[in-house]
file protein02.txt (compact mmCIF, C-alpha atoms and all ligand atoms)
# COMPACT_ATOMS: atom_id res chain seq x y z
CA MET A 1 -13.94 47.97 -4.39
CA PRO A 2 -13.30 47.40 -0.65
CA ILE A 3 -9.70 47.00 0.54
CA ALA A 4 -8.64 43.40 1.12
CA LYS A 5 -8.11 42.43 4.74
CA LYS A 6 -5.28 39.94 4.54
CA ASN A 7 -6.81 38.93 1.18
CA GLN A 8 -9.87 37.42 2.87
CA ARG A 9 -12.94 37.32 0.67
CA ILE A 10 -16.47 37.04 2.07
CA LEU A 11 -19.60 36.04 0.17
CA ILE A 12 -22.82 37.51 1.55
CA VAL A 13 -26.06 35.70 0.63
CA ASP A 14 -29.41 37.18 1.63
CA ASP A 15 -32.65 37.67 -0.28
CA GLU A 16 -33.34 40.95 1.51
CA PRO A 17 -31.37 43.75 -0.17
CA GLN A 18 -31.47 45.73 3.06
CA VAL A 19 -29.69 42.99 5.05
CA ARG A 20 -27.13 42.46 2.28
CA ARG A 21 -26.34 46.17 2.36
CA VAL A 22 -25.94 46.27 6.15
CA ILE A 23 -23.61 43.23 6.23
CA ALA A 24 -21.65 44.55 3.25
CA ALA A 25 -21.15 47.89 4.99
CA ILE A 26 -19.88 46.19 8.15
CA VAL A 27 -17.40 43.88 6.41
CA GLU A 28 -16.20 46.66 4.14
CA LEU A 29 -15.50 48.85 7.13
CA GLU A 30 -13.47 46.00 8.59
CA GLY A 31 -11.42 45.88 5.42
CA TYR A 32 -12.61 42.56 3.98
CA GLU A 33 -13.20 42.02 0.30
CA TYR A 34 -16.76 40.84 -0.42
CA ARG A 35 -19.20 39.53 -3.02
CA LEU A 36 -23.00 39.65 -2.91
CA ALA A 37 -25.64 37.10 -3.90
CA GLU A 38 -29.42 37.47 -3.67
CA ASP A 39 -30.09 33.72 -3.59
CA ALA A 40 -28.41 30.36 -2.96
CA GLU A 41 -28.11 29.49 -6.68
CA THR A 42 -26.15 32.66 -7.41
CA ALA A 43 -24.02 32.00 -4.32
CA LEU A 44 -23.11 28.54 -5.66
CA GLU A 45 -22.15 30.04 -9.01
CA ILE A 46 -19.84 32.51 -7.31
CA LEU A 47 -18.32 29.78 -5.11
CA ASP A 48 -17.69 27.77 -8.24
CA ARG A 49 -15.93 30.63 -9.97
CA GLU A 50 -14.02 32.43 -7.27
CA HIS A 51 -11.97 31.74 -4.20
CA ILE A 52 -14.11 32.54 -1.16
CA ASP A 53 -12.88 32.25 2.44
CA LEU A 54 -16.11 32.87 4.31
CA LEU A 55 -19.78 32.49 3.42
CA ILE A 56 -22.37 34.49 5.39
CA SER A 57 -25.77 33.06 4.54
CA ASP A 58 -29.32 33.83 5.50
CA ILE A 59 -31.29 30.75 6.57
CA ASN A 60 -34.72 31.62 5.20
CA MET A 61 -34.53 32.16 1.46
CA ASN A 62 -36.85 31.21 -1.40
CA VAL A 63 -36.21 28.21 -3.66
CA MET A 64 -33.08 26.97 -1.92
CA SER A 65 -32.76 27.63 1.81
CA GLY A 66 -29.56 28.60 3.58
CA VAL A 67 -29.51 25.17 5.21
CA GLU A 68 -29.47 23.45 1.83
CA LEU A 69 -26.80 25.84 0.60
CA LEU A 70 -24.71 25.05 3.68
CA GLY A 71 -25.08 21.30 3.05
CA ILE A 72 -23.80 21.62 -0.52
CA ALA A 73 -21.08 24.17 0.28
CA VAL A 74 -19.40 22.22 3.11
CA LYS A 75 -19.25 19.14 0.90
CA ARG A 76 -17.88 20.91 -2.17
CA TYR A 77 -15.57 23.35 -0.43
CA PRO A 78 -14.10 21.78 2.71
CA ASP A 79 -11.90 24.84 3.29
CA LEU A 80 -14.85 27.25 3.35
CA ALA A 81 -15.98 28.82 6.65
CA VAL A 82 -19.73 29.47 6.98
CA ILE A 83 -21.71 31.75 9.30
CA MET A 84 -25.51 31.58 9.29
CA VAL A 85 -27.80 34.56 9.73
CA THR A 86 -31.19 33.81 11.24
CA GLY A 87 -34.37 35.34 12.59
CA VAL A 88 -35.15 35.19 16.34
CA ASP A 89 -37.80 32.53 15.75
CA ASP A 90 -35.35 30.19 14.07
CA ARG A 91 -32.67 29.59 16.69
CA GLU A 92 -33.18 25.81 16.68
CA THR A 93 -32.40 25.63 12.97
CA ALA A 94 -29.35 27.81 13.53
CA ILE A 95 -28.04 25.43 16.20
CA GLU A 96 -28.67 22.53 13.84
CA THR A 97 -26.52 24.19 11.19
CA LEU A 98 -23.60 24.13 13.62
CA HIS A 99 -23.77 20.32 13.50
CA MET A 100 -23.79 20.50 9.73
CA GLY A 101 -20.51 22.38 9.66
CA ALA A 102 -21.40 26.06 10.13
CA TYR A 103 -18.80 27.87 12.25
CA GLY A 104 -21.32 30.17 13.97
CA TYR A 105 -24.55 32.11 13.63
CA VAL A 106 -25.92 35.57 14.34
CA THR A 107 -29.53 36.38 15.08
CA LYS A 108 -31.26 39.28 13.34
CA PRO A 109 -31.26 42.06 14.29
CA PHE A 110 -27.56 41.93 15.23
CA GLN A 111 -25.02 44.43 16.49
CA SER A 112 -22.18 45.07 14.09
CA ASN A 113 -19.70 44.02 16.81
CA GLU A 114 -21.41 40.68 17.16
CA LEU A 115 -21.01 40.01 13.44
CA ILE A 116 -17.40 41.21 13.38
CA ILE A 117 -16.42 38.89 16.26
CA ASN A 118 -18.17 35.98 14.56
CA ILE A 119 -16.36 36.67 11.29
CA ALA A 120 -12.95 36.98 12.95
CA ASN A 121 -13.49 33.77 14.95
CA ALA A 122 -14.69 31.82 11.92
CA LEU A 123 -11.74 32.95 9.81
CA ARG A 124 -9.25 32.16 12.58
CA ARG A 125 -10.73 28.71 13.11
CA ARG A 126 -10.71 28.05 9.38
CA HIS A 127 -7.06 29.04 9.22
CA LEU A 128 -6.18 26.66 12.06
CA GLU A 129 -8.10 23.81 10.49
CA ILE A 130 -6.41 24.26 7.12
CA ASP A 131 -3.01 24.38 8.85
CA ASN A 132 -3.83 21.29 10.83
CA ARG A 133 -4.92 19.38 7.79
CA ARG A 134 -1.84 20.38 5.83
CA HIS A 135 0.34 19.30 8.71
CA ARG A 136 -1.46 15.98 8.94
CA GLU A 137 -1.14 15.42 5.20
CA GLU A 138 2.59 16.17 5.35
CA LEU A 139 2.98 13.67 8.16
CA GLU A 140 1.03 11.01 6.31
CA HIS A 141 3.15 11.59 3.24
CA LEU A 142 6.33 11.32 5.30
CA ILE A 143 5.15 8.06 6.88
CA GLU A 144 4.34 6.63 3.44
CA GLU A 145 7.79 7.58 2.18
CA ARG A 146 9.56 6.08 5.19
CA THR A 147 7.51 2.88 4.98
CA ALA A 148 8.37 2.49 1.30
CA GLU A 149 12.05 3.05 2.12
CA LEU A 150 11.87 0.48 4.87
CA PHE A 151 10.28 -2.11 2.55
CA GLN A 152 12.85 -1.42 -0.11
CA SER A 153 15.84 -1.69 2.20
CA ARG A 154 14.45 -4.89 3.69
CA GLU A 155 14.03 -6.40 0.23
CA GLU A 156 17.54 -5.31 -0.69
CA THR A 157 18.98 -6.86 2.47
CA ILE A 158 17.26 -10.15 1.72
CA HIS A 159 18.44 -10.01 -1.87
CA ILE A 160 22.03 -9.39 -0.75
CA LEU A 161 21.84 -12.25 1.73
CA SER A 162 20.64 -14.67 -0.92
CA LYS A 163 23.34 -13.46 -3.30
CA ALA A 164 25.95 -14.08 -0.61
CA ALA A 165 24.80 -17.69 -0.40
CA GLU A 166 24.81 -17.96 -4.17
CA PHE A 167 28.48 -16.95 -4.36
CA ARG A 168 29.48 -19.97 -2.33
CA ASP A 169 27.54 -22.28 -4.53
CA ASN A 170 27.55 -23.71 -8.00
CA GLU A 171 24.15 -22.14 -8.60
CA THR A 172 23.74 -19.78 -11.49
CA ALA A 173 23.38 -16.08 -10.94
CA LYS A 174 19.67 -15.76 -11.56
CA HIS A 175 18.62 -18.99 -9.82
CA THR A 176 17.53 -17.21 -6.65
CA ILE A 177 15.62 -14.53 -8.57
CA ARG A 178 13.77 -17.13 -10.65
CA MET A 179 13.00 -19.09 -7.48
CA GLY A 180 11.24 -16.00 -6.14
CA HIS A 181 9.16 -15.53 -9.28
CA TYR A 182 8.31 -19.22 -9.75
CA SER A 183 7.26 -19.56 -6.12
CA GLU A 184 5.08 -16.46 -6.21
CA LEU A 185 3.43 -17.66 -9.44
CA LEU A 186 2.73 -21.15 -8.14
CA ALA A 187 1.35 -19.71 -4.89
CA ARG A 188 -1.02 -17.47 -6.87
CA LEU A 189 -2.12 -20.36 -9.06
CA CYS A 190 -3.01 -22.25 -5.88
CA GLY A 191 -5.12 -19.31 -4.70
CA LEU A 192 -2.97 -18.50 -1.68
CA PRO A 193 -3.57 -15.06 -0.11
CA ASP A 194 -1.90 -12.15 -1.87
CA SER A 195 0.23 -11.22 1.15
CA LEU A 196 1.73 -14.72 1.31
CA CYS A 197 2.38 -14.74 -2.46
CA ARG A 198 4.32 -11.49 -2.15
CA LYS A 199 6.28 -12.77 0.84
CA LEU A 200 7.17 -15.93 -1.09
CA LYS A 201 8.57 -13.90 -3.95
CA ILE A 202 11.00 -12.16 -1.62
CA ALA A 203 11.68 -15.10 0.70
CA ALA A 204 12.05 -18.04 -1.72
CA PRO A 205 15.47 -16.81 -2.95
CA LEU A 206 16.73 -17.53 0.58
CA HIS A 207 16.01 -21.26 0.35
CA ASP A 208 19.69 -22.24 0.12
CA VAL A 209 21.12 -19.57 2.41
CA GLY A 210 22.27 -22.34 4.74
CA LYS A 211 24.95 -23.31 2.21
CA ILE A 212 26.95 -20.49 3.82
CA GLY A 213 27.65 -23.02 6.56
CA ILE A 214 28.84 -25.85 4.27
CA SER A 215 32.58 -26.20 3.64
CA ASP A 216 33.99 -25.36 0.21
CA THR A 217 35.45 -28.84 -0.27
CA ILE A 218 31.94 -30.24 -0.29
CA LEU A 219 30.11 -27.33 -1.87
CA LEU A 220 32.51 -26.90 -4.78
CA LYS A 221 33.51 -30.53 -5.24
CA PRO A 222 33.36 -31.24 -8.97
CA GLY A 223 32.54 -34.94 -8.72
CA LYS A 224 29.84 -36.90 -6.97
CA LEU A 225 29.59 -36.48 -3.18
CA THR A 226 30.29 -39.45 -0.91
CA GLU A 227 27.45 -40.50 1.34
CA GLU A 228 29.12 -38.79 4.27
CA GLU A 229 29.63 -35.57 2.30
CA PHE A 230 26.04 -35.66 1.15
CA ASP A 231 24.88 -35.98 4.76
CA ILE A 232 26.81 -32.80 5.54
CA MET A 233 25.38 -31.11 2.46
CA LYS A 234 21.87 -31.93 3.67
CA THR A 235 22.43 -29.85 6.79
CA HIS A 236 22.12 -26.66 4.68
CA CYS A 237 18.36 -26.85 5.27
CA GLU A 238 18.66 -26.72 9.02
CA ILE A 239 21.46 -24.16 8.96
CA GLY A 240 19.30 -21.91 6.75
CA TYR A 241 16.39 -22.38 9.11
CA ARG A 242 18.55 -21.49 12.11
CA ILE A 243 19.88 -18.35 10.41
CA LEU A 244 16.45 -17.08 9.39
CA SER A 245 14.11 -18.26 12.12
CA GLU A 246 15.52 -15.94 14.73
CA SER A 247 13.94 -13.01 12.95
CA THR A 248 10.57 -11.59 13.88
CA SER A 249 10.02 -10.46 10.26
CA GLU A 250 7.21 -12.40 8.63
CA ILE A 251 9.11 -12.52 5.34
CA LEU A 252 12.18 -14.04 6.95
CA MET A 253 10.00 -16.51 8.79
CA VAL A 254 8.58 -17.65 5.44
CA GLY A 255 12.19 -17.83 4.23
CA ALA A 256 13.10 -20.01 7.22
CA GLU A 257 10.20 -22.34 6.40
CA ILE A 258 11.27 -22.76 2.76
CA ALA A 259 14.91 -23.23 3.74
CA PHE A 260 13.90 -25.99 6.15
CA ASN A 261 11.47 -27.80 3.86
CA HIS A 262 12.41 -27.41 0.20
CA HIS A 263 14.08 -30.84 0.07
CA GLU A 264 11.23 -32.70 1.75
CA LYS A 265 9.32 -35.11 -0.48
CA PHE A 266 5.57 -35.71 -0.50
CA ASN A 267 6.09 -39.44 0.21
CA GLY A 268 8.17 -38.68 3.29
CA ARG A 269 11.50 -39.74 1.78
CA GLY A 270 13.06 -36.31 1.61
CA TYR A 271 15.26 -34.51 4.13
CA PRO A 272 16.03 -33.16 6.71
CA ARG A 273 13.03 -34.36 8.71
CA GLY A 274 11.36 -36.82 6.37
CA LEU A 275 8.01 -35.03 6.63
CA ALA A 276 5.22 -36.33 4.38
CA GLY A 277 2.13 -34.92 2.64
CA HIS A 278 0.56 -31.86 4.18
CA ASP A 279 2.88 -32.03 7.19
CA ILE A 280 5.30 -30.28 4.84
CA PRO A 281 4.42 -26.58 4.97
CA ILE A 282 3.00 -25.39 1.64
CA SER A 283 5.92 -22.98 1.12
CA GLY A 284 8.25 -26.00 1.22
CA ARG A 285 6.07 -28.00 -1.22
CA ILE A 286 6.03 -25.01 -3.59
CA GLY A 287 9.78 -24.50 -3.19
CA ALA A 288 10.48 -28.16 -4.03
CA ILE A 289 8.75 -27.97 -7.43
CA CYS A 290 10.31 -24.64 -8.37
CA ASP A 291 13.82 -25.57 -7.23
CA VAL A 292 13.88 -28.85 -9.16
CA PHE A 293 12.44 -27.23 -12.29
CA ASP A 294 15.08 -24.51 -12.22
CA ALA A 295 17.93 -26.90 -11.46
CA LEU A 296 16.99 -29.13 -14.40
CA THR A 297 16.53 -26.32 -16.91
CA THR A 298 19.70 -24.34 -16.20
CA GLU A 299 23.29 -25.12 -16.97
CA ARG A 300 25.70 -25.82 -14.08
CA PRO A 301 29.47 -26.28 -14.27
CA TYR A 302 28.97 -30.04 -13.96
CA LYS A 303 25.94 -30.49 -16.23
CA ASP A 304 24.06 -29.16 -19.25
CA ALA A 305 20.60 -27.69 -19.12
CA ILE A 306 17.70 -29.72 -20.45
CA SER A 307 14.68 -28.18 -22.16
CA PRO A 308 11.63 -27.25 -20.05
CA GLU A 309 9.63 -29.97 -21.82
CA GLU A 310 12.20 -32.62 -20.96
CA ALA A 311 12.28 -31.34 -17.40
CA MET A 312 8.50 -31.58 -17.22
CA ALA A 313 8.62 -35.18 -18.48
CA ILE A 314 11.12 -36.11 -15.77
CA MET A 315 9.26 -34.23 -13.04
CA ARG A 316 5.95 -35.84 -13.94
CA ASP A 317 7.35 -39.09 -12.53
CA GLY A 318 7.65 -37.32 -9.20
CA ARG A 319 3.98 -36.28 -9.06
CA GLY A 320 2.63 -37.63 -5.76
CA SER A 321 5.97 -39.09 -4.68
CA HIS A 322 8.41 -36.19 -4.72
CA PHE A 323 5.88 -33.42 -5.37
CA ASP A 324 2.48 -32.54 -3.92
CA PRO A 325 0.15 -33.83 -6.71
CA ASP A 326 -2.28 -30.88 -6.48
CA LEU A 327 0.48 -28.30 -6.63
CA PHE A 328 2.11 -30.23 -9.43
CA ASP A 329 -1.12 -30.11 -11.45
CA ARG A 330 -1.30 -26.31 -11.08
CA PHE A 331 2.33 -26.23 -12.21
CA SER A 332 1.81 -28.40 -15.28
CA GLU A 333 -1.50 -26.77 -16.31
CA ASN A 334 0.23 -23.39 -16.36
CA PHE A 335 3.57 -24.62 -17.55
CA HIS A 336 3.92 -21.90 -20.22
CA LEU A 337 3.92 -19.22 -17.51
CA PHE A 338 6.92 -20.84 -15.82
CA VAL A 339 8.72 -21.14 -19.14
CA GLU A 340 8.04 -17.44 -19.66
CA ILE A 341 9.71 -16.53 -16.34
CA ARG A 342 12.63 -18.78 -17.25
CA SER A 343 13.28 -16.83 -20.45
CA ARG A 344 12.63 -13.45 -18.82
CA PHE A 345 15.30 -14.09 -16.16
CA SER A 346 17.65 -16.19 -18.23
CA ASP A 347 21.32 -16.42 -17.19
CA LYS A 348 22.52 -15.40 -20.61
FE FE B 1 18.67 -26.65 -1.27
FE FE B 2 18.13 -23.97 -5.12

call {"tool": "encode", "arguments": {"input": "protein02.txt", "output": "structure tokens", "more": "lines below"}}
Ligand SMILES: [Fe+2]
Ligand SMILES: [Fe+2]
result
Amino acid sequence: MPIAKKNQRILIVDDEPQVRRVIAAIVELEGYEYRLAEDAETALEILDREHIDLLISDINMNVMSGVELLGIAVKRYPDLAVIMVTGVDDRETAIETLHMGAYGYVTKPFQSNELIINIANALRRRHLEIDNRRHREELEHLIEERTAELFQSREETIHILSKAAEFRDNETAKHTIRMGHYSELLARLCGLPDSLCRKLKIAAPLHDVGKIGISDTILLKPGKLTEEEFDIMKTHCEIGYRILSESTSEILMVGAEIAFNHHEKFNGRGYPRGLAGHDIPISGRIGAICDVFDALTTERPYKDAISPEEAMAIMRDGRGSHFDPDLFDRFSENFHLFVEIRSRFSDK
């Protein structure tokens, strides 16, 4: 058994026993470990079974040629280095094999030095390529990790912001979370693009963030608001929009849009701008349905919750006046899915 040269193992494939012997003698003298194969099929069996660093293959062989062997080997074993051995009359083919992934070729008859230099170069190049690839994979992995972290911290920040608004409000703890899920669901039912649906899920909880800017006397007043107080209350839409719209983040921009438009009504009698129909951005039309449904079906300090079915009966009156009729139909056709979210994220 030859001594291993830095544990590098070479597979020599040639149908002429004489050539196999010569190459084996050269690589053995250089201290490489080697295996021998008399045809391409045997070579593939060995490659399948053992770890091989370098393949030295004759081009002209019976049944399967060295070119075919090269084609299979580079596909199956991307870390394998290959050197082709060719006759003088076959230089063109040898050059072609370089394009197929061979690292080099030697022409028979060759000097032992020529082969040794080729082997050393091929193994060095292989080593560099493996290193490079590993480095690249590590980098890609790192980027993936950092991106995931970034997404997570952004979602957390948004969640914290919407919770901050919630604390100042009479809203129940899970209202903002349900708003996210309802809005995402309704968006999907309307066939909106996946990226927008996901943004809505994160951004819809911010719809009332502008309540941060409304005074406690109004926000926490137990009784009915006076007309003047209600006018102030209405400004939470614009305040929310102003807070969020300064961001360049697409999610926060969606949040700004919902904050601004979730109290608009389809007939133009909502606030703050009195937009009507499709002038109301779809995120606002979605937010309106989800917000009202959740408000009706959850308990607040000043009112009891009503059942989802009762809420649906009330909301149906708003189809086409308060709510976008098409969106409302998607909502009512898939009502059970909304009821499911309600029980999954119940306040109790
Ligand atoms: Fe609101
Ligand atoms: Fe709300």

call {"tool": "closest_atom_pairs", "arguments": {"input": "protein02.txt", "of": "chain A", "to": "ligand FE 1 (chain B)", "cutoff": "8 Å", "atoms": "only C-alpha atoms and all ligand atoms", "output": "tab-separated table"}}
result
residue	atom	partner	partner_atom	distance
A:His207	CA	B:FE1	FE	6.2
A:Asp208	CA	B:FE1	FE	4.7
A:Lys211	CA	B:FE1	FE	7.9
A:Lys234	CA	B:FE1	FE	7.9
A:His236	CA	B:FE1	FE	6.9
A:Cys237	CA	B:FE1	FE	6.6
A:Ala259	CA	B:FE1	FE	7.1
A:His262	CA	B:FE1	FE	6.5
A:His263	CA	B:FE1	FE	6.4
A:Asp291	CA	B:FE1	FE	7.8

call {"tool": "residues_near_ligand", "arguments": {"input": "protein02.txt", "ligand": "ligand FE 2 (chain B)", "cutoff": "8 Å", "atoms": "all atoms listed in the file", "output": "list of chain:residue names"}}
result
A:Glu171, A:His175, A:Thr176, A:Met179, A:Pro205, A:His207, A:Asp208, A:Asp291, A:Val292, A:Asp294, A:Ala295

call {"tool": "atom_distance", "arguments": {"input": "protein02.txt", "atom1": "CA of Lys199 (chain A)", "atom2": "CA of Asp347 (chain A)"}}
result
23.8 Å

call {"tool": "residues_around", "arguments": {"input": "protein02.txt", "residues": "Glu38 (chain A)", "least_positions_apart": "5", "cutoff": "7 Å", "atoms": "only C-alpha atoms", "output": "PyMOL selection string"}}
result
chain A and resi 13-15

call {"tool": "closest_residue", "arguments": {"input": "protein02.txt", "among": "A:Phe293, A:Glu156, A:Ile130, A:Pro222", "to": "Glu309 (chain A)", "atoms": "only C-alpha atoms"}}
result
A:Phe293

call {"tool": "atom_distance", "arguments": {"input": "protein02.txt", "atom1": "CA of Ile282 (chain A)", "atom2": "CA of Ile177 (chain A)"}}
result
19.5 Å

call {"tool": "residues_near_point", "arguments": {"input": "protein02.txt", "point": "(-23.6, 29.7, -2.4)", "cutoff": "9 Å", "atoms": "only C-alpha atoms", "output": "ChimeraX atom specification"}}
result
/A:11-13,37,39-48,55,57,66,69-70,72-73

call {"tool": "write_last_selection", "arguments": {"input": "protein02.txt", "atoms": "C-alpha atoms", "output": "CSV table (one decimal), keeping the file's coordinate frame"}}
result
chain,number,residue,atom,x,y,z
A,11,LEU,CA,-19.6,36.0,0.2
A,12,ILE,CA,-22.8,37.5,1.6
A,13,VAL,CA,-26.1,35.7,0.6
A,37,ALA,CA,-25.6,37.1,-3.9
A,39,ASP,CA,-30.1,33.7,-3.6
A,40,ALA,CA,-28.4,30.4,-3.0
A,41,GLU,CA,-28.1,29.5,-6.7
A,42,THR,CA,-26.2,32.7,-7.4
A,43,ALA,CA,-24.0,32.0,-4.3
A,44,LEU,CA,-23.1,28.5,-5.7
A,45,GLU,CA,-22.2,30.0,-9.0
A,46,ILE,CA,-19.8,32.5,-7.3
A,47,LEU,CA,-18.3,29.8,-5.1
A,48,ASP,CA,-17.7,27.8,-8.2
A,55,LEU,CA,-19.8,32.5,3.4
A,57,SER,CA,-25.8,33.1,4.5
A,66,GLY,CA,-29.6,28.6,3.6
A,69,LEU,CA,-26.8,25.8,0.6
A,70,LEU,CA,-24.7,25.0,3.7
A,72,ILE,CA,-23.8,21.6,-0.5
A,73,ALA,CA,-21.1,24.2,0.3

call {"tool": "decode", "arguments": {"input": "protein02.txt", "residues": "region 192-205 of chain A", "atoms": "N, CA, C and O atoms", "output": "mmCIF file, in the first residue's frame"}}
result
data_model
loop_
_atom_site.group_PDB
_atom_site.id
_atom_site.type_symbol
_atom_site.label_atom_id
_atom_site.label_comp_id
_atom_site.auth_asym_id
_atom_site.auth_seq_id
_atom_site.Cartn_x
_atom_site.Cartn_y
_atom_site.Cartn_z
ATOM 1 N N LEU A 192 -55.457 38.806 -2.714
ATOM 2 C CA LEU A 192 -54.364 39.784 -2.764
ATOM 3 C C LEU A 192 -53.022 39.048 -2.730
ATOM 4 O O LEU A 192 -52.941 37.934 -2.226
ATOM 5 N N PRO A 193 -51.962 39.686 -3.270
ATOM 6 C CA PRO A 193 -50.660 39.001 -3.316
ATOM 7 C C PRO A 193 -50.165 38.614 -1.912
ATOM 8 O O PRO A 193 -50.411 39.339 -0.949
ATOM 9 N N ASP A 194 -49.483 37.487 -1.882
ATOM 10 C CA ASP A 194 -49.005 36.930 -0.613
ATOM 11 C C ASP A 194 -48.209 37.947 0.208
ATOM 12 O O ASP A 194 -48.381 38.050 1.422
ATOM 13 N N SER A 195 -47.346 38.729 -0.469
ATOM 14 C CA SER A 195 -46.493 39.660 0.285
ATOM 15 C C SER A 195 -47.358 40.714 0.998
ATOM 16 O O SER A 195 -47.087 41.079 2.137
ATOM 17 N N LEU A 196 -48.425 41.161 0.342
ATOM 18 C CA LEU A 196 -49.294 42.160 0.965
ATOM 19 C C LEU A 196 -50.071 41.537 2.135
ATOM 20 O O LEU A 196 -50.248 42.161 3.183
ATOM 21 N N CYS A 197 -50.512 40.282 1.952
ATOM 22 C CA CYS A 197 -51.240 39.600 3.031
ATOM 23 C C CYS A 197 -50.376 39.515 4.285
ATOM 24 O O CYS A 197 -50.837 39.770 5.399
ATOM 25 N N ARG A 198 -49.087 39.162 4.064
ATOM 26 C CA ARG A 198 -48.197 39.038 5.223
ATOM 27 C C ARG A 198 -47.933 40.391 5.875
ATOM 28 O O ARG A 198 -47.852 40.498 7.100
ATOM 29 N N LYS A 199 -47.814 41.424 5.040
ATOM 30 C CA LYS A 199 -47.596 42.767 5.597
ATOM 31 C C LYS A 199 -48.812 43.203 6.420
ATOM 32 O O LYS A 199 -48.682 43.800 7.479
ATOM 33 N N LEU A 200 -50.005 42.881 5.906
ATOM 34 C CA LEU A 200 -51.231 43.263 6.614
ATOM 35 C C LEU A 200 -51.302 42.627 7.994
ATOM 36 O O LEU A 200 -51.731 43.247 8.953
ATOM 37 N N LYS A 201 -50.863 41.386 8.068
ATOM 38 C CA LYS A 201 -50.916 40.681 9.348
ATOM 39 C C LYS A 201 -50.088 41.418 10.411
ATOM 40 O O LYS A 201 -50.489 41.530 11.563
ATOM 41 N N ILE A 202 -48.938 41.928 9.983
ATOM 42 C CA ILE A 202 -48.063 42.615 10.929
ATOM 43 C C ILE A 202 -48.514 44.061 11.139
ATOM 44 O O ILE A 202 -48.431 44.602 12.239
ATOM 45 N N ALA A 203 -49.032 44.678 10.078
ATOM 46 C CA ALA A 203 -49.310 46.119 10.126
ATOM 47 C C ALA A 203 -50.694 46.458 10.681
ATOM 48 O O ALA A 203 -50.867 47.502 11.309
ATOM 49 N N ALA A 204 -51.679 45.566 10.475
ATOM 50 C CA ALA A 204 -53.047 45.906 10.901
ATOM 51 C C ALA A 204 -53.147 46.188 12.404
ATOM 52 O O ALA A 204 -53.925 47.058 12.814
ATOM 53 N N PRO A 205 -52.354 45.486 13.255
ATOM 54 C CA PRO A 205 -52.426 45.814 14.680
ATOM 55 C C PRO A 205 -52.098 47.273 15.005
ATOM 56 O O PRO A 205 -52.417 47.748 16.081
#
